[in-house]
$ cat upload.txt   # compact mmCIF, C-alpha atoms and all ligand atoms
# COMPACT_ATOMS: atom_id res chain seq x y z
CA MET A 1 23.38 1.28 -216.33
CA PRO A 2 22.25 -1.14 -219.14
CA ALA A 3 24.94 -2.30 -221.62
CA ALA A 4 25.05 -0.39 -224.93
CA ASN A 5 23.46 -3.27 -226.86
CA ALA A 6 20.97 -4.29 -224.16
CA PRO A 7 17.42 -4.68 -225.47
CA ARG A 8 14.84 -2.09 -224.54
CA LYS A 9 12.37 -3.92 -222.31
CA PHE A 10 8.98 -2.75 -221.21
CA ARG A 11 5.78 -4.20 -219.75
CA ILE A 12 2.22 -3.25 -220.67
CA ARG A 13 -0.63 -4.07 -218.27
CA ALA A 14 -4.30 -3.68 -219.18
CA PRO A 15 -7.06 -4.58 -216.69
CA CYS A 16 -10.20 -6.40 -217.77
CA SER A 17 -13.52 -4.60 -217.57
CA SER A 18 -17.19 -5.06 -216.92
CA ALA A 19 -19.42 -2.86 -219.07
CA ASN A 20 -23.04 -1.66 -218.78
CA ILE A 21 -23.54 -2.28 -214.99
CA GLY A 22 -27.25 -2.91 -215.58
CA PRO A 23 -28.91 0.12 -217.19
CA GLY A 24 -25.75 1.80 -218.57
CA PHE A 25 -25.64 0.03 -221.93
CA ASP A 26 -22.61 1.36 -223.89
CA VAL A 27 -22.16 4.06 -221.20
CA LEU A 28 -20.72 2.64 -217.95
CA GLY A 29 -17.69 0.45 -217.40
CA MET A 30 -15.33 -0.46 -214.61
CA SER A 31 -11.82 -1.87 -214.67
CA LEU A 32 -11.32 -5.06 -212.66
CA SER A 33 -8.27 -6.68 -211.10
CA LEU A 34 -7.37 -9.22 -213.81
CA TYR A 35 -4.59 -7.97 -216.08
CA LEU A 36 -3.56 -8.74 -219.65
CA THR A 37 0.25 -8.39 -219.59
CA LEU A 38 2.69 -7.90 -222.47
CA ASP A 39 6.44 -8.28 -221.85
CA VAL A 40 8.17 -6.62 -224.77
CA SER A 41 11.87 -6.70 -225.75
CA VAL A 42 13.17 -4.64 -228.65
CA TYR A 43 16.68 -5.79 -229.60
CA GLN A 44 19.39 -3.66 -231.15
CA GLU A 45 20.99 -6.58 -233.02
CA ASP A 46 21.79 -10.29 -233.07
CA ALA A 47 18.42 -11.81 -232.21
CA THR A 48 17.87 -15.21 -233.79
CA GLN A 49 14.39 -14.29 -235.04
CA ALA A 50 13.10 -10.97 -236.35
CA PHE A 51 9.74 -11.41 -234.58
CA GLU A 52 8.69 -13.81 -231.89
CA MET A 53 5.41 -13.85 -230.00
CA THR A 54 4.67 -16.30 -227.20
CA TYR A 55 1.39 -16.52 -225.33
CA SER A 56 0.14 -18.07 -222.10
CA GLY A 57 -3.25 -18.20 -220.39
CA GLU A 58 -6.75 -17.82 -221.81
CA GLY A 59 -6.91 -18.25 -225.58
CA ALA A 60 -3.46 -19.89 -225.78
CA THR A 61 -4.69 -22.59 -228.17
CA GLU A 62 -6.66 -20.28 -230.46
CA VAL A 63 -5.04 -16.84 -230.65
CA PRO A 64 -2.86 -16.42 -233.78
CA LEU A 65 0.72 -15.30 -233.11
CA LEU A 66 1.77 -13.86 -236.48
CA PRO A 67 2.07 -10.07 -236.45
CA GLU A 68 -0.35 -9.58 -239.37
CA GLN A 69 -2.95 -11.87 -237.72
CA ASN A 70 -2.70 -11.23 -233.99
CA LEU A 71 -5.18 -8.59 -232.78
CA ILE A 72 -2.66 -6.85 -230.48
CA THR A 73 0.10 -6.52 -233.09
CA LYS A 74 -2.41 -5.57 -235.82
CA ILE A 75 -3.53 -2.68 -233.65
CA ALA A 76 0.09 -1.67 -232.93
CA LEU A 77 0.70 -1.69 -236.71
CA TYR A 78 -2.34 0.55 -237.21
CA VAL A 79 -1.08 3.09 -234.64
CA LEU A 80 2.39 3.06 -236.20
CA SER A 81 0.97 3.43 -239.73
CA ALA A 82 -1.16 6.42 -238.68
CA ASN A 83 2.12 8.01 -237.56
CA GLY A 84 4.09 7.31 -240.73
CA ILE A 85 5.86 4.13 -239.54
CA SER A 86 5.19 1.19 -241.83
CA GLN A 87 6.39 -1.77 -239.74
CA LEU A 88 7.15 -3.11 -236.30
CA PRO A 89 10.73 -2.54 -235.15
CA GLN A 90 12.85 -5.68 -235.45
CA PRO A 91 14.11 -7.83 -233.80
CA LEU A 92 11.12 -7.82 -231.45
CA LYS A 93 9.96 -10.34 -228.83
CA ILE A 94 6.59 -10.18 -227.10
CA HIS A 95 5.26 -12.50 -224.42
CA VAL A 96 1.52 -12.16 -223.79
CA HIS A 97 0.00 -13.46 -220.58
CA ASN A 98 -3.78 -13.35 -220.59
CA PRO A 99 -5.88 -14.39 -217.58
CA ILE A 100 -9.04 -12.78 -219.08
CA PRO A 101 -11.42 -15.41 -220.51
CA LEU A 102 -12.35 -14.71 -224.14
CA GLY A 103 -15.89 -13.94 -225.21
CA ARG A 104 -17.33 -13.97 -221.68
CA GLY A 105 -18.22 -10.30 -221.14
CA LEU A 106 -15.10 -9.33 -219.21
CA GLY A 107 -13.69 -7.10 -221.93
CA SER A 108 -10.93 -9.38 -223.24
CA SER A 109 -11.12 -7.64 -226.62
CA GLY A 110 -11.17 -4.19 -224.98
CA ALA A 111 -8.00 -5.10 -223.04
CA ALA A 112 -6.38 -6.41 -226.24
CA VAL A 113 -7.31 -3.19 -228.07
CA VAL A 114 -5.88 -0.96 -225.33
CA ALA A 115 -2.73 -3.10 -225.04
CA GLY A 116 -2.26 -2.94 -228.82
CA VAL A 117 -2.65 0.84 -228.91
CA LEU A 118 -0.16 1.22 -226.03
CA LEU A 119 2.23 -1.17 -227.80
CA GLY A 120 2.14 0.87 -231.02
CA ASP A 121 2.58 4.09 -229.06
CA ALA A 122 5.56 2.72 -227.11
CA LEU A 123 7.26 1.07 -230.12
CA GLY A 124 6.98 4.30 -232.12
CA ASN A 125 8.02 6.47 -229.13
CA LEU A 126 4.91 8.51 -229.94
CA LYS A 127 4.15 9.66 -226.37
CA ASN A 128 0.45 10.29 -227.01
CA SER A 129 -1.69 11.49 -224.11
CA TYR A 130 -4.26 9.05 -222.68
CA ASP A 131 -7.04 11.14 -224.23
CA ARG A 132 -5.43 10.74 -227.64
CA LEU A 133 -4.83 7.03 -227.08
CA LEU A 134 -8.56 6.71 -226.41
CA ASP A 135 -9.24 8.11 -229.91
CA TYR A 136 -7.17 5.27 -231.40
CA CYS A 137 -8.98 2.66 -229.25
CA LEU A 138 -12.35 3.99 -230.39
CA MET A 139 -11.52 3.60 -234.06
CA ILE A 140 -11.39 -0.15 -233.37
CA GLU A 141 -13.91 -0.81 -230.58
CA ARG A 142 -16.67 1.69 -231.27
CA HIS A 143 -18.55 1.41 -228.00
CA PRO A 144 -16.50 3.33 -225.42
CA ASP A 145 -17.48 1.58 -222.16
CA ASN A 146 -14.85 -1.25 -222.08
CA VAL A 147 -11.89 0.59 -223.59
CA ALA A 148 -12.45 3.75 -221.52
CA ALA A 149 -12.53 1.74 -218.27
CA THR A 150 -9.51 -0.40 -219.25
CA LEU A 151 -7.42 2.54 -220.44
CA LEU A 152 -8.27 5.03 -217.70
CA GLY A 153 -9.16 2.74 -214.80
CA GLY A 154 -11.90 2.82 -212.16
CA PHE A 155 -15.63 3.35 -212.62
CA VAL A 156 -16.03 5.35 -215.82
CA ALA A 157 -18.94 6.94 -217.72
CA SER A 158 -18.30 7.78 -221.35
CA TYR A 159 -19.89 8.85 -224.60
CA LEU A 160 -18.80 9.20 -228.20
CA ARG A 161 -18.81 12.54 -229.96
CA GLU A 162 -20.96 12.66 -233.07
CA LEU A 163 -18.36 12.67 -235.83
CA ASP A 164 -18.32 15.02 -238.76
CA PRO A 165 -18.96 12.80 -241.84
CA GLU A 166 -16.07 14.65 -243.58
CA ALA A 167 -13.62 13.62 -240.83
CA THR A 168 -14.59 9.96 -241.17
CA LYS A 169 -14.74 9.78 -244.96
CA GLY A 170 -12.94 6.62 -246.07
CA VAL A 171 -12.73 5.29 -242.50
CA PRO A 172 -13.83 1.64 -242.63
CA GLU A 173 -16.41 0.05 -240.32
CA SER A 174 -14.97 -1.34 -237.11
CA GLU A 175 -15.28 -4.95 -238.37
CA THR A 176 -13.10 -4.32 -241.41
CA PHE A 177 -10.86 -1.62 -239.95
CA LEU A 178 -7.86 -3.87 -239.37
CA ASP A 179 -8.19 -6.06 -242.49
CA ASP A 180 -4.89 -6.12 -244.41
CA VAL A 181 -3.33 -3.83 -241.85
CA VAL A 182 0.22 -4.51 -243.09
CA SER A 183 -0.47 -3.19 -246.59
CA LYS A 184 -2.65 -0.19 -245.67
CA THR A 185 -1.78 3.38 -244.78
CA TYR A 186 -4.10 4.73 -242.10
CA PRO A 187 -5.05 8.34 -241.39
CA GLN A 188 -4.78 9.73 -237.86
CA PRO A 189 -8.07 9.29 -235.97
CA PRO A 190 -10.22 12.40 -235.48
CA VAL A 191 -9.28 14.22 -232.25
CA GLY A 192 -11.49 13.96 -229.15
CA ILE A 193 -13.86 11.15 -230.18
CA GLY A 194 -14.39 9.85 -226.67
CA HIS A 195 -15.51 11.86 -223.66
CA TYR A 196 -15.45 10.39 -220.18
CA LEU A 197 -15.76 11.04 -216.48
CA ARG A 198 -14.29 8.91 -213.70
CA LEU A 199 -16.99 8.35 -211.09
CA ASN A 200 -16.55 7.64 -207.40
CA TRP A 201 -16.50 4.00 -206.37
CA SER A 202 -17.07 2.91 -202.81
CA LYS A 203 -14.06 0.76 -201.86
CA GLU A 204 -16.10 -1.75 -199.83
CA ILE A 205 -17.95 -2.87 -202.97
CA LYS A 206 -16.36 -5.93 -204.61
CA ALA A 207 -17.31 -7.55 -207.92
CA VAL A 208 -18.00 -11.27 -207.97
CA ALA A 209 -17.64 -12.57 -211.53
CA ILE A 210 -19.42 -15.88 -212.18
CA VAL A 211 -18.05 -17.14 -215.49
CA PRO A 212 -19.88 -19.95 -217.32
CA ASN A 213 -17.95 -22.32 -219.57
CA PHE A 214 -19.26 -21.05 -222.89
CA GLU A 215 -18.58 -18.03 -225.05
CA VAL A 216 -20.93 -15.41 -226.45
CA ALA A 217 -19.25 -13.18 -229.04
CA THR A 218 -20.07 -9.54 -228.34
CA ALA A 219 -21.03 -9.01 -232.00
CA LYS A 220 -23.63 -11.80 -231.72
CA ALA A 221 -25.00 -10.39 -228.45
CA ARG A 222 -25.35 -6.96 -230.09
CA ALA A 223 -27.12 -8.46 -233.09
CA VAL A 224 -30.04 -9.71 -230.93
CA LEU A 225 -30.86 -6.20 -229.69
CA PRO A 226 -33.72 -4.23 -231.24
CA THR A 227 -32.98 -1.11 -233.29
CA THR A 228 -35.68 0.99 -231.59
CA TYR A 229 -37.03 1.14 -228.02
CA SER A 230 -40.22 2.40 -226.43
CA ARG A 231 -40.15 5.72 -224.60
CA GLN A 232 -41.17 3.83 -221.46
CA ASP A 233 -38.13 1.54 -221.58
CA VAL A 234 -35.70 4.37 -222.33
CA ILE A 235 -37.01 6.41 -219.39
CA TYR A 236 -36.86 3.32 -217.16
CA ASN A 237 -33.11 2.97 -217.89
CA PHE A 238 -32.33 6.74 -217.73
CA GLN A 239 -33.88 7.03 -214.28
CA ARG A 240 -31.88 4.13 -212.88
CA LEU A 241 -28.65 5.11 -214.64
CA ALA A 242 -28.72 8.63 -213.19
CA VAL A 243 -29.15 7.29 -209.64
CA LEU A 244 -26.62 4.48 -210.08
CA THR A 245 -23.71 6.74 -211.10
CA THR A 246 -23.76 8.33 -207.62
CA ALA A 247 -25.14 5.40 -205.57
CA LEU A 248 -22.04 3.26 -206.19
CA GLY A 249 -19.78 5.95 -204.72
CA LYS A 250 -21.68 6.28 -201.43
CA SER A 251 -20.39 4.73 -198.26
CA PRO A 252 -21.93 2.68 -196.73
CA PRO A 253 -23.65 1.44 -199.90
CA ASP A 254 -27.46 1.40 -199.90
CA ALA A 255 -28.42 -2.13 -201.06
CA ASP A 256 -32.06 -1.33 -201.77
CA LEU A 257 -31.19 1.75 -203.86
CA ILE A 258 -28.45 -0.03 -205.83
CA TYR A 259 -30.37 -3.28 -206.40
CA ASN A 260 -33.26 -1.39 -207.97
CA ALA A 261 -30.96 0.98 -209.87
CA VAL A 262 -29.16 -1.88 -211.71
CA GLN A 263 -32.40 -3.07 -213.35
CA ASP A 264 -32.38 -2.78 -217.13
CA ARG A 265 -34.77 -2.99 -220.07
CA ILE A 266 -32.38 -2.17 -222.92
CA HIS A 267 -30.11 -5.19 -223.29
CA GLN A 268 -30.54 -7.97 -220.71
CA PRO A 269 -34.13 -8.96 -221.65
CA TYR A 270 -33.01 -9.60 -225.24
CA ARG A 271 -29.79 -11.41 -224.38
CA LYS A 272 -31.52 -14.03 -222.23
CA THR A 273 -32.02 -16.09 -225.40
CA LEU A 274 -28.23 -16.54 -225.57
CA ILE A 275 -27.66 -17.25 -221.88
CA PRO A 276 -29.52 -20.19 -220.33
CA GLY A 277 -30.47 -19.48 -216.69
CA LEU A 278 -30.08 -15.68 -216.92
CA PRO A 279 -33.66 -14.74 -215.93
CA GLU A 280 -33.65 -17.17 -212.95
CA ILE A 281 -30.27 -15.90 -211.73
CA LEU A 282 -31.31 -12.26 -211.92
CA SER A 283 -34.68 -12.81 -210.26
CA SER A 284 -33.71 -15.30 -207.54
CA ILE A 285 -30.52 -13.73 -206.15
CA THR A 286 -31.67 -10.71 -204.15
CA PRO A 287 -30.45 -8.65 -201.15
CA ALA A 288 -33.40 -10.06 -199.17
CA LYS A 289 -31.97 -13.57 -199.56
CA PHE A 290 -28.23 -12.75 -199.52
CA ASP A 291 -26.84 -10.37 -196.94
CA GLY A 292 -24.18 -8.15 -198.50
CA LEU A 293 -25.56 -8.35 -202.05
CA LEU A 294 -26.02 -4.95 -203.70
CA GLY A 295 -26.83 -5.77 -207.31
CA ILE A 296 -26.59 -8.48 -209.94
CA PHE A 297 -26.52 -8.18 -213.73
CA LEU A 298 -24.93 -9.37 -216.95
CA SER A 299 -21.26 -8.38 -217.28
CA GLY A 300 -20.89 -6.62 -220.64
CA ALA A 301 -22.57 -8.66 -223.36
CA GLY A 302 -22.36 -11.79 -221.17
CA PRO A 303 -22.45 -14.64 -220.47
CA THR A 304 -20.59 -13.76 -217.20
CA ILE A 305 -22.80 -12.64 -214.34
CA LEU A 306 -21.47 -9.87 -212.11
CA ALA A 307 -22.67 -9.49 -208.53
CA LEU A 308 -21.72 -6.37 -206.60
CA ALA A 309 -21.46 -7.16 -202.90
CA THR A 310 -19.81 -6.20 -199.63
CA GLY A 311 -19.63 -9.82 -198.37
CA ASN A 312 -21.15 -13.31 -198.59
CA PHE A 313 -19.31 -13.76 -201.90
CA ASP A 314 -19.16 -17.58 -201.88
CA ALA A 315 -22.88 -17.99 -201.18
CA ILE A 316 -23.86 -15.47 -203.88
CA ALA A 317 -21.57 -17.07 -206.46
CA GLY A 318 -22.70 -20.57 -205.40
CA ALA A 319 -26.37 -19.68 -205.98
CA ALA A 320 -25.63 -18.45 -209.51
CA GLN A 321 -23.46 -21.50 -210.23
CA LYS A 322 -26.29 -23.77 -209.06
CA VAL A 323 -28.69 -22.25 -211.62
CA PHE A 324 -26.12 -22.59 -214.41
CA LYS A 325 -25.58 -26.22 -213.34
CA GLU A 326 -29.35 -26.89 -213.55
CA HIS A 327 -29.04 -25.81 -217.19
CA GLY A 328 -26.10 -28.20 -217.70
CA ILE A 329 -23.48 -25.44 -217.60
CA GLU A 330 -20.28 -25.57 -215.52
CA SER A 331 -18.87 -22.29 -214.24
CA TRP A 332 -16.18 -20.76 -212.04
CA TYR A 333 -16.04 -17.55 -210.07
CA LYS A 334 -13.58 -14.96 -208.85
CA VAL A 335 -13.92 -12.04 -206.45
CA LEU A 336 -12.42 -8.97 -208.14
CA GLU A 337 -11.63 -5.42 -207.04
CA VAL A 338 -12.45 -2.31 -209.03
CA THR A 339 -8.94 -1.00 -209.78
CA ASP A 340 -7.95 2.61 -209.12
CA GLY A 341 -5.57 2.80 -212.04
CA GLY A 342 -5.95 1.85 -215.68
CA SER A 343 -3.47 0.55 -218.23
CA THR A 344 0.25 1.20 -217.87
CA VAL A 345 3.53 0.98 -219.78
CA GLU A 346 6.52 0.42 -217.53
CA GLU A 347 10.07 0.58 -218.87
CA LEU A 348 12.10 -2.22 -217.24
N1 LIG A 401 -5.38 -11.34 -225.67
C1 LIG A 401 -5.95 -11.44 -226.87
N2 LIG A 401 -5.19 -11.61 -227.96
C2 LIG A 401 -5.73 -11.71 -229.18
N3 LIG A 401 -7.06 -11.65 -229.42
C3 LIG A 401 -7.87 -11.47 -228.38
C4 LIG A 401 -7.37 -11.36 -227.05
N4 LIG A 401 -8.41 -11.18 -226.22
C5 LIG A 401 -9.51 -11.18 -226.99
N5 LIG A 401 -9.21 -11.36 -228.27
C6 LIG A 401 -10.17 -11.43 -229.41
O1 LIG A 401 -11.40 -10.90 -228.98
C7 LIG A 401 -12.44 -11.91 -229.07
C8 LIG A 401 -13.41 -11.77 -227.92
O2 LIG A 401 -14.01 -10.51 -227.99
P1 LIG A 401 -15.53 -10.28 -227.60
O3 LIG A 401 -16.42 -11.18 -228.41
O4 LIG A 401 -15.76 -8.81 -227.70
O5 LIG A 401 -15.62 -10.78 -226.10
P2 LIG A 401 -15.11 -10.14 -224.73
O6 LIG A 401 -16.36 -9.96 -223.95
O7 LIG A 401 -14.21 -11.15 -224.12
O8 LIG A 401 -14.42 -8.85 -225.06
C9 LIG A 401 -11.69 -13.22 -229.05
O9 LIG A 401 -12.43 -14.25 -229.66
C10 LIG A 401 -10.42 -12.87 -229.81
O10 LIG A 401 -10.69 -12.88 -231.20
N1 LIG A 402 -21.76 -2.27 -224.16
C1 LIG A 402 -21.24 -3.45 -224.80
C2 LIG A 402 -20.20 -4.06 -223.89
C3 LIG A 402 -19.60 -5.33 -224.40
O1 LIG A 402 -18.69 -5.82 -223.44
P1 LIG A 402 -17.94 -7.21 -223.61
O2 LIG A 402 -17.04 -7.30 -222.42
O3 LIG A 402 -18.98 -8.27 -223.64
O4 LIG A 402 -17.18 -7.13 -224.89
C4 LIG A 402 -22.39 -4.43 -225.04
O5 LIG A 402 -23.12 -4.70 -224.09
O6 LIG A 402 -22.54 -4.89 -226.17
$ encode --input "upload.txt" --output "structure tokens" --more "lines below"
Ligand SMILES: Nc1ncnc2c1ncn2[C@@H]1O[C@H](COP(=O)(O)OP(=O)(O)O)[C@@H](O)[C@H]1O
Ligand SMILES: N[C@@H](CCOP(=O)(O)O)C(=O)O
Amino acid sequence: MPAANAPRKFRIRAPCSSANIGPGFDVLGMSLSLYLTLDVSVYQEDATQAFEMTYSGEGATEVPLLPEQNLITKIALYVLSANGISQLPQPLKIHVHNPIPLGRGLGSSGAAVVAGVLLGDALGNLKNSYDRLLDYCLMIERHPDNVAATLLGGFVASYLRELDPEATKGVPESETFLDDVVSKTYPQPPVGIGHYLRLNWSKEIKAVAIVPNFEVATAKARAVLPTTYSRQDVIYNFQRLAVLTTALGKSPPDADLIYNAVQDRIHQPYRKTLIPGLPEILSSITPAKFDGLLGIFLSGAGPTILALATGNFDAIAGAAQKVFKEHGIESWYKVLEVTDGGSTVEEL
């Protein structure tokens, strides 16, 4: 039994994600086995500092650690404010460990958003359902693919409900939503914004993430996309997307079906301007040349490349790294699993 004055301690884990999976722009996402972790201690009394945040891993030199500046605590403050609580409980200590590289297309911001929403929920003892937590996440990151996969876990398809303009009156744009969070009072988010379905994932399929040493901010990679598309291109993606949602759950996986189903005309062709080597990587690494390869595409908004494969991981990753190197870009790679579960809060 913990002593009467023992701090409440809990741990939040949020997996990274890869969104789009080829043709599923803003629709598909999967959670991958690299976890943002928050170790949280809420003290009853006698802590030397009212608030202390420490941070290790990716972003350690750049991420701000003040509660009104840090993305995770800003989001927790938003969730608390929407529930009538104006500040973080004090004294409070948070250690963040982040192995997810920032701005690389592996959903570091989605993981931070989910972790922040779970932090606010846990600190306020709000006990929201996961469906309701998703509503909070979607007020901040308004494409559902990353946050749905990170929160719920697995291979997830999602869409946003068209919102009644009345229900969103006075709700700021996502970019400005968290500005001045400490001095604002937020309304509760509309109920049921995000809708999702967890799809089957064939366990023998692994995800090889090849991560180049440069960042592409998601906002910048969205800004290069056109505002309208031809009927031909939309149909091209719909056809592949429909097949892909089931093809990735079939065992044994059909390489020819999957390779063709991950082709895309909605986002990758436009993002090649931001990612040197992308066209060569996508066209030269094929199942005909690499046994075990099922599909290869941009992870999220890039610049990470994701290869789905049942084996031959080092050779596949090496071929992509070689192309990056020819463009003067160093890279690293990691073989990841699609996780069964999503984000968790564990009382310690
Ligand atoms: N653990 C974190 N703590 C604080 N901020 C974070 C964290 N992870 C990501 N971010 C913020 O999100 C930005 C990256 O988001 P984004 O451009 O969407 O790329 P990604 O593909 O990694 O999600 C970072 O530059 C940083 O501002
Ligand atoms: N559908 C979004 C996904 C962005 O993912 P991220 O991991 O790059 O933040 C997009 O393609 O813009």
$ closest_residue --input "upload.txt" --among "A:Val147, A:Leu38, A:Ala320, A:Ile329" --to "ligand LIG 402 (chain A)" --atoms "only C-alpha atoms and all ligand atoms"
A:Val147
$ residues_near_ligand --input "upload.txt" --ligand "ligand LIG 402 (chain A)" --cutoff "6 Å" --atoms "all atoms listed in the file" --output "MDAnalysis selection string"
chainID A and resid 18:20 25:26 105:107 218 222 300:302
$ residues_near_ligand --input "upload.txt" --ligand "ligand LIG 401 (chain A)" --cutoff "6 Å" --atoms "all atoms listed in the file" --output "MDAnalysis selection string"
chainID A and resid 63 70:72 98 102:110 112 217:218
$ atom_distance --input "upload.txt" --atom1 "atom CA of Asp180 of chain A" --atom2 "atom CA of Lys74 of chain A"
9.0 Å
$ residues_around --input "upload.txt" --residues "segment 258-269 of chain A" --least-positions-apart "2" --cutoff "8 Å" --atoms "all atoms listed in the file" --output "number ranges by chain"
A: 21-23, 25, 225, 229, 233-234, 236-237, 240-241, 243-244, 247-248, 253-256, 271-272, 286-287, 294-298
$ closest_residue --input "upload.txt" --among "A:Gln188, A:Asn200, A:Gln321, A:Thr37" --to "Glu280 of chain A" --atoms "only C-alpha atoms"
A:Gln321
$ atom_distance --input "upload.txt" --atom1 "atom CA of Phe177 of chain A" --atom2 "atom CA of Met139 of chain A"
7.9 Å
$ atom_distance --input "upload.txt" --atom1 "atom CA of Lys93 of chain A" --atom2 "atom CA of Leu77 of chain A"
14.9 Å
$ closest_residue --input "upload.txt" --among "A:Ser174, A:Asn125, A:Thr168, A:Asn83" --to "Leu138 of chain A" --atoms "all atoms listed in the file"
A:Ser174
$ closest_residue --input "upload.txt" --among "A:Glu204, A:Glu215, A:His195, A:Ile210" --to "Gly59 of chain A" --atoms "all atoms listed in the file"
A:Glu215
$ closest_residue --input "upload.txt" --among "A:Gln239, A:Thr245, A:Thr344, A:Ser86" --to "Ala115 of chain A" --atoms "only C-alpha atoms"
A:Thr344
$ closest_residue --input "upload.txt" --among "A:Ala14, A:Leu118, A:Val224, A:Leu92" --to "Asn146 of chain A" --atoms "only C-alpha atoms"
A:Ala14
